[in-house]
Amino acid sequence: MGVLNITPDSFSDGGSFTQIESAVQHALKMAEQGATIIDIGGESTRPNALPVSTDEEIQRVVPVIEGIRLKSDIAISIDTSKADVMKAAIEAGADFINDVYALQRPGSLDMAASLGVPVCLMHMQADPTTMQDQPYYLNVVEELNDFFAQRIAACEQVGIAKGKIILDPGFGFGKTLQHNLTLLAKLKEFESHGCPILAGLSRKSMFGQLLDKKVDERLIGSVSAALLAVANGASIVRVHDVAETADALKVYMAVQAAK
């Protein structure tokens, strides 16, 4: 999954792809490099990010989705928690919803059910403005498993089949470095829900802490973590550096096939 942020303030690539044509071209480039999904977001969810209005978010993402659709049939996910943005994006050609609030914001659960598309449910403790203010868990894996069970049940109650649900532990969203490392090491424990797992580790601050690297120096850490995530059960990895991650995964898959 290649990341395409149509925002001025995302932590890694904010401001890089705010023009429609440059955003479309970058999406097509990521597809050529090996991405099979393009994840498009119009509102930053980095720590302390400022909120964006529904209308502005729609104006950011819909033209880009339409532009990609004119040139490619690659799968597109819409990274949003707003019901009206979900609707506009799916109508423009997006294929599924990627929600950092796990369909807990007003109207989003019913909207996702009415649209009939797959959904990715991410765990986040608190919200982007406070999530990194001393996050705490008695047992991070058990608490995330309980959260996923509750959200899957909520989805099924409104008619979203489990077969359309993807789970994301939300690396860096209300987690310390140790929480993130524990989740990566124990990713397979989320397979008990019977849903594919998405891991978004690319360029995260955990690598800044662990390796003392700035955002643009975290390539090796990010690719290494993506490989570990796949080895530990992830079906989808959300990344900025598509070509490098795709090459690493090809080597890994070739070795696995040779066993």
# chains A, B, ... in the order shown; residues from 1 in each chain; ligands from 1
>>> residues_around(residues="Met111 in chain A", least_positions_apart="6", cutoff="8 Å", atoms="only C-alpha atoms", output="PyMOL selection string")
chain A and resi 83+86-87
>>> residues_around(residues="Tyr101 in chain A", least_positions_apart="3", cutoff="10 Å", atoms="only C-alpha atoms", output="ChimeraX atom specification")
/A:80-82,98,104-105,108,120-127,170
>>> write_last_selection(atoms="all heavy atoms", output="CSV table (one decimal), in the first residue's frame")
chain,number,residue,atom,x,y,z
A,80,THR,N,-9.9,8.2,5.9
A,80,THR,CA,-10.7,9.3,6.4
A,80,THR,C,-11.6,8.7,7.6
A,80,THR,O,-11.8,7.5,7.6
A,80,THR,CB,-11.7,9.9,5.4
A,80,THR,OG1,-12.3,11.0,6.0
A,80,THR,CG2,-12.7,8.9,4.9
A,81,SER,N,-12.0,9.6,8.4
A,81,SER,CA,-13.0,9.1,9.5
A,81,SER,C,-14.3,9.8,9.4
A,81,SER,O,-15.2,9.6,10.2
A,81,SER,CB,-12.3,9.4,10.9
A,81,SER,OG,-12.1,10.8,11.0
A,82,LYS,N,-14.5,10.6,8.3
A,82,LYS,CA,-15.7,11.4,8.1
A,82,LYS,C,-16.7,10.7,7.2
A,82,LYS,O,-16.3,10.3,6.1
A,82,LYS,CB,-15.4,12.8,7.6
A,82,LYS,CG,-14.6,13.6,8.5
A,82,LYS,CD,-14.5,15.0,8.0
A,82,LYS,CE,-13.6,16.0,8.8
A,82,LYS,NZ,-12.2,15.7,8.7
A,98,ASN,N,-10.2,3.3,4.9
A,98,ASN,CA,-9.2,3.1,5.9
A,98,ASN,C,-9.4,4.2,7.0
A,98,ASN,O,-9.1,5.4,6.8
A,98,ASN,CB,-7.8,3.3,5.3
A,98,ASN,CG,-6.7,3.0,6.2
A,98,ASN,OD1,-6.8,2.5,7.3
A,98,ASN,ND2,-5.5,3.4,5.8
A,104,GLN,N,-15.8,4.9,14.5
A,104,GLN,CA,-16.4,5.3,15.8
A,104,GLN,C,-16.9,6.8,15.8
A,104,GLN,O,-17.6,7.2,16.7
A,104,GLN,CB,-15.4,5.2,16.9
A,104,GLN,CG,-15.0,3.7,17.2
A,104,GLN,CD,-14.0,3.6,18.4
A,104,GLN,OE1,-14.3,3.4,19.5
A,104,GLN,NE2,-12.7,3.8,18.0
A,105,ARG,N,-16.6,7.5,14.7
A,105,ARG,CA,-17.1,8.9,14.7
A,105,ARG,C,-18.5,8.9,14.1
A,105,ARG,O,-18.9,8.0,13.5
A,105,ARG,CB,-16.1,9.7,13.8
A,105,ARG,CG,-14.7,9.8,14.4
A,105,ARG,CD,-13.8,10.8,13.7
A,105,ARG,NE,-14.1,12.1,14.1
A,105,ARG,CZ,-13.4,13.2,13.6
A,105,ARG,NH1,-12.5,13.0,12.7
A,105,ARG,NH2,-13.7,14.4,14.0
A,108,SER,N,-20.2,7.3,10.7
A,108,SER,CA,-19.2,6.6,9.9
A,108,SER,C,-19.6,5.1,9.8
A,108,SER,O,-19.4,4.5,8.7
A,108,SER,CB,-17.8,6.8,10.4
A,108,SER,OG,-17.6,6.3,11.7
A,120,CYS,N,-11.0,-0.8,6.9
A,120,CYS,CA,-9.8,-1.1,7.7
A,120,CYS,C,-10.0,-0.4,9.1
A,120,CYS,O,-10.3,0.9,9.1
A,120,CYS,CB,-8.5,-0.6,7.1
A,120,CYS,SG,-7.1,-1.0,8.1
A,121,LEU,N,-10.0,-1.1,10.1
A,121,LEU,CA,-10.3,-0.6,11.5
A,121,LEU,C,-8.9,-0.4,12.2
A,121,LEU,O,-8.3,-1.4,12.5
A,121,LEU,CB,-11.2,-1.5,12.3
A,121,LEU,CG,-12.5,-1.9,11.6
A,121,LEU,CD1,-13.2,-3.0,12.4
A,121,LEU,CD2,-13.4,-0.7,11.3
A,122,MET,N,-8.6,0.8,12.5
A,122,MET,CA,-7.3,1.0,13.2
A,122,MET,C,-7.5,1.3,14.7
A,122,MET,O,-8.5,2.0,15.1
A,122,MET,CB,-6.5,2.1,12.6
A,122,MET,CG,-5.0,2.2,13.0
A,122,MET,SD,-4.2,3.8,12.7
A,122,MET,CE,-4.8,4.7,14.1
A,123,HIS,N,-6.6,0.9,15.5
A,123,HIS,CA,-6.7,1.2,17.0
A,123,HIS,C,-5.9,2.5,17.2
A,123,HIS,O,-4.7,2.6,16.7
A,123,HIS,CB,-6.1,0.1,17.8
A,123,HIS,CG,-6.0,0.5,19.3
A,123,HIS,ND1,-4.9,1.1,19.8
A,123,HIS,CD2,-6.9,0.3,20.3
A,123,HIS,CE1,-5.1,1.3,21.1
A,123,HIS,NE2,-6.3,0.9,21.4
A,124,MET,N,-6.5,3.4,18.0
A,124,MET,CA,-5.8,4.6,18.4
A,124,MET,C,-6.2,4.9,19.9
A,124,MET,O,-7.4,4.9,20.1
A,124,MET,CB,-6.1,5.8,17.5
A,124,MET,CG,-5.6,7.1,18.0
A,124,MET,SD,-5.7,8.5,16.8
A,124,MET,CE,-7.4,8.4,16.4
A,125,GLN,N,-5.3,5.1,20.7
A,125,GLN,CA,-5.6,5.5,22.1
A,125,GLN,C,-5.8,7.0,22.1
A,125,GLN,O,-4.9,7.7,21.7
A,125,GLN,CB,-4.6,5.1,23.1
A,125,GLN,CG,-5.0,5.2,24.5
A,125,GLN,CD,-3.9,4.7,25.5
A,125,GLN,OE1,-3.0,5.4,25.8
A,125,GLN,NE2,-4.1,3.5,26.0
A,126,ALA,N,-6.9,7.5,22.6
A,126,ALA,CA,-7.3,9.0,22.6
A,126,ALA,C,-7.4,9.5,21.1
A,126,ALA,O,-8.0,8.8,20.3
A,126,ALA,CB,-6.2,9.7,23.3
A,127,ASP,N,-6.9,10.6,20.8
A,127,ASP,CA,-7.0,11.2,19.4
A,127,ASP,C,-5.7,11.9,19.1
A,127,ASP,O,-4.8,12.0,19.9
A,127,ASP,CB,-8.2,12.2,19.4
A,127,ASP,CG,-8.0,13.4,20.3
A,127,ASP,OD1,-7.0,14.1,20.2
A,127,ASP,OD2,-8.9,13.5,21.2
A,170,GLY,N,-2.3,0.2,14.6
A,170,GLY,CA,-2.1,1.6,14.8
A,170,GLY,C,-0.7,1.9,15.4
A,170,GLY,O,-0.6,2.6,16.5
>>> residues_around(residues="Ala75 in chain A", least_positions_apart="2", cutoff="9 Å", atoms="only C-alpha atoms", output="VMD selection string")
chain A and resid 36 to 39 72 to 73 77 94 to 96
>>> write_last_selection(atoms="C-alpha atoms", output="PDB file, in the first residue's frame")
ATOM      1  CA  THR A  36      -1.160  -2.677  -5.364  1.00  0.00           C
ATOM      2  CA  ILE A  37      -3.153  -0.171  -3.279  1.00  0.00           C
ATOM      3  CA  ILE A  38      -2.924   3.628  -3.096  1.00  0.00           C
ATOM      4  CA  ASP A  39      -4.002   5.059   0.259  1.00  0.00           C
ATOM      5  CA  SER A  72      -5.451   3.206 -13.673  1.00  0.00           C
ATOM      6  CA  ASP A  73      -7.623   0.520 -12.110  1.00  0.00           C
ATOM      7  CA  SER A  77      -8.336   3.315  -0.194  1.00  0.00           C
ATOM      8  CA  ALA A  94     -12.157   4.572  -4.246  1.00  0.00           C
ATOM      9  CA  ASP A  95     -12.511   0.904  -3.327  1.00  0.00           C
ATOM     10  CA  PHE A  96     -12.367   0.766   0.448  1.00  0.00           C
TER      11      PHE A  96
END
>>> closest_residue(among="A:Asp212, A:Glu189, A:Asp79, A:Glu56", to="Leu4 in chain A", atoms="only C-alpha atoms")
A:Asp79
>>> closest_residue(among="A:Gln150, A:Gln19, A:Gln33, A:Thr182", to="Met1 in chain A", atoms="only C-alpha atoms")
A:Gln33
>>> residues_around(residues="Leu28 in chain A", least_positions_apart="3", cutoff="10 Å", atoms="only C-alpha atoms", output="ChimeraX atom specification")
/A:22-25,31-33,35,38,68,71-72,74
>>> select_by_dssp(residues="range 196-245 of chain A", states="strand (DSSP E)", output="list in words")
Leu198, Ala199, Gly200, Ile236, Val237 and Arg238 of chain A
>>> closest_residue(among="A:Ile160, A:Leu187, A:Val64, A:Ile58", to="Asp84 in chain A", atoms="only C-alpha atoms")
A:Ile58
>>> residues_around(residues="Pro47 in chain A", least_positions_apart="5", cutoff="8 Å", atoms="only C-alpha atoms", output="list of chain:residue names")
A:Pro128, A:Thr129, A:Thr130, A:Met131, A:Gln132
>>> residues_around(residues="Gly221 in chain A", least_positions_apart="6", cutoff="9 Å", atoms="only C-alpha atoms", output="list in words")
Ser202, Arg203, Phe207 and Leu211 of chain A
>>> closest_residue(among="A:Lys250, A:Arg218, A:Arg151, A:Arg238", to="Leu198 in chain A", atoms="only C-alpha atoms")
A:Arg238
>>> atom_distance(atom1="CA of Thr54 in chain A", atom2="CA of Met30 in chain A")
27.0 Å
>>> closest_residue(among="A:Gln59, A:Gln157, A:Ser114, A:Ser222", to="Ala89 in chain A", atoms="only C-alpha atoms")
A:Gln59
